[in-house]
$ cat data_7.txt   # compact mmCIF, C-alpha atoms
# COMPACT_ATOMS: atom_id res chain seq x y z
CA MET A 15 50.43 44.29 -2.39
CA SER A 16 52.03 44.90 1.02
CA GLY A 17 55.10 46.88 0.07
CA ASN A 18 57.79 47.05 -2.52
CA GLY A 19 61.45 46.22 -2.43
CA GLN A 20 64.16 48.82 -2.43
CA GLY A 21 66.36 47.46 -5.18
CA SER A 22 67.18 44.11 -3.56
CA GLY A 23 64.76 42.09 -5.66
CA GLU A 24 63.00 41.01 -2.47
CA SER A 25 59.67 42.26 -1.24
CA VAL A 26 60.07 44.36 1.89
CA PRO A 27 56.95 44.54 4.07
CA ALA A 28 55.77 48.12 4.35
CA GLN A 29 55.80 49.50 7.87
CA VAL A 30 55.68 52.71 9.90
CA VAL A 31 59.10 53.95 11.08
CA ALA A 32 58.14 57.35 12.57
CA THR A 33 55.12 59.52 13.33
CA HIS A 34 55.03 63.29 13.93
CA VAL A 35 52.67 66.21 14.40
CA TRP A 36 53.44 69.86 13.84
CA PRO A 37 51.49 71.77 16.50
CA GLU A 38 50.45 75.36 15.74
CA ASP A 39 52.54 76.60 18.67
CA SER A 40 55.73 74.70 17.76
CA PRO A 41 58.43 75.94 15.39
CA VAL A 42 59.15 72.36 14.25
CA PRO A 43 57.33 69.01 14.04
CA VAL A 44 57.50 66.78 17.12
CA ALA A 45 57.74 62.98 17.29
CA LYS A 46 54.74 61.09 18.64
CA GLU A 47 54.71 57.55 19.97
CA ASN A 48 51.14 57.17 18.72
CA LEU A 49 49.55 59.21 15.95
CA GLU A 50 45.86 59.53 16.82
CA LEU A 51 43.66 60.02 13.77
CA ASP A 52 40.07 61.22 13.81
CA TRP A 53 37.97 62.36 10.83
CA GLY A 54 39.96 65.62 10.76
CA GLY A 55 43.40 64.00 10.51
CA ALA A 56 46.22 63.80 13.06
CA ILE A 57 45.02 65.22 16.38
CA GLY A 58 47.31 68.09 17.42
CA ASP A 59 48.66 68.77 13.91
CA ARG A 60 48.35 72.19 12.23
CA HIS A 61 46.74 70.53 9.18
CA HIS A 62 43.99 68.90 11.27
CA GLY A 63 40.45 69.68 10.20
CA LEU A 64 37.65 68.71 7.86
CA THR A 65 38.15 71.87 5.81
CA MET A 66 41.04 74.09 4.78
CA SER A 67 41.54 77.41 3.03
CA SER A 68 42.43 77.15 -0.64
CA ASN A 69 45.90 78.38 -1.56
CA THR A 70 48.02 78.77 -4.68
CA ARG A 71 47.71 75.03 -5.41
CA GLN A 72 43.97 75.45 -6.04
CA ALA A 73 44.17 78.88 -7.69
CA ASN A 74 42.91 77.56 -11.01
CA VAL A 75 39.61 76.56 -9.33
CA PHE A 76 39.08 78.77 -6.25
CA PRO A 77 40.01 82.26 -5.13
CA ARG A 78 42.70 82.08 -2.44
CA GLY A 79 41.15 81.65 1.01
CA THR A 80 38.02 79.79 -0.13
CA THR A 81 36.93 77.12 2.36
CA ILE A 82 37.30 73.69 0.73
CA ARG A 83 37.46 70.03 1.83
CA ASN A 84 40.77 69.23 3.54
CA HIS A 85 42.57 66.77 1.31
CA ARG A 86 45.89 67.51 3.04
CA GLN A 87 45.14 66.19 6.51
CA LEU A 88 48.27 64.03 6.46
CA SER A 89 51.69 63.99 4.83
CA LEU A 90 53.49 60.70 4.23
CA VAL A 91 57.01 59.98 2.95
CA ASP A 92 59.16 56.86 2.70
CA GLU A 93 62.64 56.75 4.22
CA ALA A 94 64.09 55.73 0.82
CA GLU A 95 62.76 59.00 -0.63
CA LEU A 96 64.19 60.94 2.32
CA ALA A 97 67.56 59.32 1.59
CA GLU A 98 67.38 60.45 -2.07
CA ILE A 99 66.50 64.01 -1.03
CA ALA A 100 69.43 63.98 1.41
CA VAL A 101 71.81 62.97 -1.39
CA ASN A 102 70.39 65.72 -3.62
CA LEU A 103 71.06 68.25 -0.85
CA GLY A 104 74.53 66.89 -0.07
CA LEU A 105 73.46 65.67 3.36
CA PRO A 106 74.34 62.32 4.95
CA LEU A 107 70.79 61.98 6.33
CA LEU A 108 67.38 63.64 6.27
CA ALA A 109 65.56 62.45 9.38
CA PRO A 110 61.86 61.58 9.46
CA GLY A 111 59.65 64.47 10.56
CA VAL A 112 62.00 67.23 9.46
CA ILE A 113 59.95 68.00 6.32
CA ALA A 114 56.70 67.90 8.34
CA ASP A 115 55.75 64.37 7.36
CA ASN A 116 53.21 62.89 9.76
CA ILE A 117 54.01 59.31 8.79
CA CYS A 118 57.36 57.98 7.59
CA THR A 119 57.29 54.52 6.06
CA ARG A 120 59.79 51.85 5.13
CA GLY A 121 59.27 49.54 2.19
CA ILE A 122 57.33 51.86 -0.14
CA ALA A 123 60.32 53.18 -2.09
CA ASN A 124 58.15 54.94 -4.70
CA LEU A 125 55.47 56.22 -2.37
CA THR A 126 55.35 59.60 -4.14
CA GLN A 127 54.37 57.83 -7.37
CA LEU A 128 51.37 55.97 -5.93
CA PRO A 129 48.22 57.13 -7.71
CA PRO A 130 45.54 59.22 -6.01
CA MET A 131 42.80 57.17 -4.36
CA THR A 132 45.27 54.48 -3.22
CA ARG A 133 44.47 53.30 0.30
CA LEU A 134 47.07 52.61 2.98
CA VAL A 135 45.61 50.18 5.49
CA PHE A 136 47.52 50.19 8.78
CA SER A 137 47.59 47.08 10.96
CA GLY A 138 46.14 49.09 13.87
CA GLY A 139 42.95 49.67 11.85
CA ALA A 140 43.42 53.20 10.50
CA VAL A 141 43.01 53.76 6.76
CA VAL A 142 44.48 56.71 4.85
CA MET A 143 43.31 57.63 1.33
CA LEU A 144 46.05 59.19 -0.77
CA GLY A 145 45.36 62.41 -2.63
CA GLY A 146 48.54 62.58 -4.69
CA GLU A 147 52.02 64.01 -4.67
CA ASN A 148 52.96 66.47 -1.95
CA LEU A 149 54.76 69.10 -3.99
CA PRO A 150 57.92 70.35 -2.29
CA CYS A 151 57.94 73.92 -1.00
CA VAL A 152 60.22 76.38 0.77
CA ILE A 153 58.27 75.92 4.02
CA ALA A 154 59.64 72.37 4.27
CA GLY A 155 62.92 73.75 2.94
CA GLY A 156 63.01 76.16 5.87
CA LEU A 157 62.64 73.24 8.29
CA VAL A 158 65.55 71.48 6.58
CA GLN A 159 67.58 74.70 6.69
CA GLU A 160 66.91 75.07 10.41
CA ARG A 161 68.06 71.51 11.15
CA TYR A 162 70.90 71.05 8.64
CA ASP A 163 71.98 74.57 7.63
CA THR A 164 71.03 74.15 3.95
CA ARG A 165 69.34 76.77 1.77
CA ALA A 166 65.53 76.62 2.00
CA GLU A 167 65.30 77.49 -1.70
CA ALA A 168 67.31 74.38 -2.64
CA PHE A 169 64.73 72.00 -1.19
CA PRO A 170 61.98 72.13 -3.86
CA LYS A 171 64.35 71.10 -6.67
CA ALA A 172 66.08 68.46 -4.51
CA ALA A 173 62.74 66.95 -3.43
CA MET A 174 60.76 67.10 -6.68
CA GLY A 175 59.11 63.72 -7.22
CA LEU A 176 60.34 62.53 -3.81
CA ARG A 177 58.41 64.60 -1.23
CA GLY A 178 55.82 61.91 -0.57
CA VAL A 179 52.07 62.22 -0.71
CA THR A 180 49.20 63.88 1.06
CA GLY A 181 46.10 62.09 2.21
CA TRP A 182 43.05 62.13 4.40
CA VAL A 183 41.58 59.83 6.99
CA GLU A 184 39.16 57.32 5.50
CA HIS A 185 38.90 55.39 8.77
CA PRO A 186 40.10 56.79 12.13
CA GLY A 187 42.47 54.93 14.41
CA VAL A 188 45.90 55.02 15.99
CA ILE A 189 49.08 54.65 13.95
CA SER A 190 52.21 53.54 15.80
CA VAL A 191 55.82 52.87 14.87
CA GLY A 192 56.21 49.27 13.76
CA GLN A 193 52.71 48.85 12.36
CA SER A 194 52.54 47.12 9.01
CA ILE A 195 50.89 48.74 6.02
CA GLN A 196 48.91 47.18 3.18
CA ILE A 197 48.70 49.12 -0.08
CA LYS A 198 45.30 48.84 -1.75
CA PRO A 199 44.88 50.29 -5.25
CA GLY A 200 41.99 52.73 -5.51
CA TYR A 201 38.62 52.54 -7.19

$ encode --input "data_7.txt" --output "structure tokens"
Amino acid sequence: MSGNGQGSGESVPAQVVATHVWPEDSPVPVAKENLELDWGGAIGDRHHGLTMSSNTRQANVFPRGTTIRNHRQLSLVDEAELAEIAVNLGLPLLAPGVIADNICTRGIANLTQLPPMTRLVFSGGAVVMLGGENLPCVIAGGLVQERYDTRAEAFPKAAMGLRGVTGWVEHPGVISVGQSIQIKPGY
């Protein structure tokens, strides 16, 4: 499977349309021509690292602040999902990168619904293993508010089931705009 159509009945090849990092010292994510991935994720991104501190999303397993494996090295969303979120927020457009996605794709209209352990194989050689849905939060909502003057609190409801997925680097490499993506079911 290389991609999925967006309602046209035709298969649309999956490809990268934008890449971003959100540096620790930047108030907003910044576009990158090339997204360099090592075993810790996107170099220069605030989510880079082999480990992370547990938060409310792991509260049923770990006390907050426990060091755990970083399964949220990367955030990916498809432009079709961004378009749906924009409609839900009453916006004409929600640009790639605004919600802190590292990789924005085209041709994977239901990216958020891909099961955990699905691999995305990029034509440049990098491989990303998906960990599951990236639940929407007011942090991303604040980024949307800053750019489009919406209410940060409106974002989680508008983006539920559309926020994309998180993942980690299974094989390092460089991801660039225009690269094609193969979707490989897990296990």

$ residues_around --input "data_7.txt" --residues "range 91-97 of chain A" --least-positions-apart "3" --cutoff "7 Å" --atoms "all atoms listed in the file" --output "VMD selection string"
chain A and resid 100 to 101 107 to 108 115 117 to 120 122 to 123 125 176 to 179

$ write_last_selection --input "data_7.txt" --atoms "C-alpha atoms" --output "compact mmCIF listing (two decimals), keeping the file's coordinate frame"
# COMPACT_ATOMS: atom_id res chain seq x y z
CA ALA A 100 69.43 63.98 1.41
CA VAL A 101 71.81 62.97 -1.39
CA LEU A 107 70.79 61.98 6.33
CA LEU A 108 67.38 63.64 6.27
CA ASP A 115 55.75 64.37 7.36
CA ILE A 117 54.01 59.31 8.79
CA CYS A 118 57.36 57.98 7.59
CA THR A 119 57.29 54.52 6.06
CA ARG A 120 59.79 51.85 5.13
CA ILE A 122 57.33 51.86 -0.14
CA ALA A 123 60.32 53.18 -2.09
CA LEU A 125 55.47 56.22 -2.37
CA LEU A 176 60.34 62.53 -3.81
CA ARG A 177 58.41 64.60 -1.23
CA GLY A 178 55.82 61.91 -0.57
CA VAL A 179 52.07 62.22 -0.71

$ atom_distance --input "data_7.txt" --atom1 "CA of Arg86 in chain A" --atom2 "CA of Thr132 in chain A"
14.5 Å

$ closest_atom_pairs --input "data_7.txt" --of "range 28-67 of chain A" --to "range 77-84 of chain A" --cutoff "10 Å" --atoms "all atoms listed in the file" --output "CSV"
residue,atom,partner,partner_atom,distance
A:Gly54,CA,A:Asn84,CA,8.1
A:Gly55,CA,A:Asn84,CA,9.1
A:His61,CA,A:Asn84,CA,8.3
A:His62,CA,A:Asn84,CA,8.4
A:Gly63,CA,A:Asn84,CA,6.7
A:Leu64,CA,A:Asn84,CA,5.4
A:Thr65,CA,A:Asn84,CA,4.4
A:Met66,CA,A:Asn84,CA,5.0
A:Ser67,CA,A:Thr81,CA,4.7

$ atom_distance --input "data_7.txt" --atom1 "CA of Pro41 in chain A" --atom2 "CA of Gln127 in chain A"
29.4 Å

$ residues_around --input "data_7.txt" --residues "Ala114 in chain A" --least-positions-apart "4" --cutoff "9 Å" --atoms "all atoms listed in the file" --output "JSON, numbers by chain"
{"A": [34, 35, 36, 42, 43, 44, 89, 90, 110, 154, 157]}

$ write_last_selection --input "data_7.txt" --atoms "C-alpha atoms" --output "CSV table (one decimal), keeping the file's coordinate frame"
chain,number,residue,atom,x,y,z
A,34,HIS,CA,55.0,63.3,13.9
A,35,VAL,CA,52.7,66.2,14.4
A,36,TRP,CA,53.4,69.9,13.8
A,42,VAL,CA,59.2,72.4,14.2
A,43,PRO,CA,57.3,69.0,14.0
A,44,VAL,CA,57.5,66.8,17.1
A,89,SER,CA,51.7,64.0,4.8
A,90,LEU,CA,53.5,60.7,4.2
A,110,PRO,CA,61.9,61.6,9.5
A,154,ALA,CA,59.6,72.4,4.3
A,157,LEU,CA,62.6,73.2,8.3

$ residues_around --input "data_7.txt" --residues "Leu51 in chain A" --least-positions-apart "3" --cutoff "9 Å" --atoms "all atoms listed in the file" --output "ChimeraX atom specification"
/A:54-57,140,183,185-189

$ closest_residue --input "data_7.txt" --among "A:Pro37, A:Gly155, A:Pro199, A:Pro27" --to "Leu134 in chain A" --atoms "all atoms listed in the file"
A:Pro199

$ atom_distance --input "data_7.txt" --atom1 "CA of Leu144 in chain A" --atom2 "CA of Ala73 in chain A"
21.0 Å

$ closest_residue --input "data_7.txt" --among "A:Val158, A:Val31, A:Met143, A:Ile197" --to "Glu47 in chain A" --atoms "all atoms listed in the file"
A:Val31

$ closest_residue --input "data_7.txt" --among "A:Val112, A:Leu88, A:Ala32, A:Leu49" --to "Val191 in chain A" --atoms "all atoms listed in the file"
A:Ala32

$ residues_near_point --input "data_7.txt" --point "(62.1, 75.4, -5.2)" --cutoff "8 Å" --atoms "only C-alpha atoms" --output "mmCIF file with C-alpha atoms, in the coordinates of the input"
data_model
loop_
_atom_site.group_PDB
_atom_site.id
_atom_site.type_symbol
_atom_site.label_atom_id
_atom_site.label_comp_id
_atom_site.auth_asym_id
_atom_site.auth_seq_id
_atom_site.Cartn_x
_atom_site.Cartn_y
_atom_site.Cartn_z
ATOM 1 C CA PRO A 150 57.920 70.350 -2.290
ATOM 2 C CA CYS A 151 57.940 73.920 -1.000
ATOM 3 C CA VAL A 152 60.220 76.380 0.770
ATOM 4 C CA GLU A 167 65.300 77.490 -1.700
ATOM 5 C CA ALA A 168 67.310 74.380 -2.640
ATOM 6 C CA PHE A 169 64.730 72.000 -1.190
ATOM 7 C CA PRO A 170 61.980 72.130 -3.860
ATOM 8 C CA LYS A 171 64.350 71.100 -6.670
#

$ closest_residue --input "data_7.txt" --among "A:Asp59, A:Asp39, A:Glu50, A:Glu147" --to "Gly181 in chain A" --atoms "only C-alpha atoms"
A:Glu147

$ closest_residue --input "data_7.txt" --among "A:Leu128, A:Ala172, A:Ile195, A:Ala28" --to "Leu105 in chain A" --atoms "only C-alpha atoms"
A:Ala172

$ decode --input "data_7.txt" --residues "range 71-94 of chain A" --atoms "C-alpha atoms" --output "PDB file, in the first residue's frame"
ATOM      1  CA  ARG A  71      -1.218  10.240  29.237  1.00  0.00           C
ATOM      2  CA  GLN A  72       0.694   7.526  31.124  1.00  0.00           C
ATOM      3  CA  ALA A  73      -0.769   8.251  34.575  1.00  0.00           C
ATOM      4  CA  ASN A  74      -2.479   4.872  34.757  1.00  0.00           C
ATOM      5  CA  VAL A  75       0.945   3.162  34.582  1.00  0.00           C
ATOM      6  CA  PHE A  76       3.602   5.578  35.893  1.00  0.00           C
ATOM      7  CA  PRO A  77       3.783   8.436  38.372  1.00  0.00           C
ATOM      8  CA  ARG A  78       4.131  11.739  36.515  1.00  0.00           C
ATOM      9  CA  GLY A  79       7.777  12.494  35.729  1.00  0.00           C
ATOM     10  CA  THR A  80       8.956   8.873  35.509  1.00  0.00           C
ATOM     11  CA  THR A  81      11.616   8.376  32.824  1.00  0.00           C
ATOM     12  CA  ILE A  82      10.203   6.142  30.080  1.00  0.00           C
ATOM     13  CA  ARG A  83      11.020   5.239  26.453  1.00  0.00           C
ATOM     14  CA  ASN A  84      10.224   8.117  24.089  1.00  0.00           C
ATOM     15  CA  HIS A  85       7.408   6.929  21.862  1.00  0.00           C
ATOM     16  CA  ARG A  86       6.586  10.522  20.857  1.00  0.00           C
ATOM     17  CA  GLN A  87       9.764  11.429  18.994  1.00  0.00           C
ATOM     18  CA  LEU A  88       7.758  12.550  15.968  1.00  0.00           C
ATOM     19  CA  SER A  89       4.315  13.909  15.155  1.00  0.00           C
ATOM     20  CA  LEU A  90       2.770  13.308  11.734  1.00  0.00           C
ATOM     21  CA  VAL A  91      -0.456  14.625  10.193  1.00  0.00           C
ATOM     22  CA  ASP A  92      -1.963  14.539   6.706  1.00  0.00           C
ATOM     23  CA  GLU A  93      -3.023  17.729   4.944  1.00  0.00           C
ATOM     24  CA  ALA A  94      -6.543  16.277   4.452  1.00  0.00           C
TER      25      ALA A  94
END
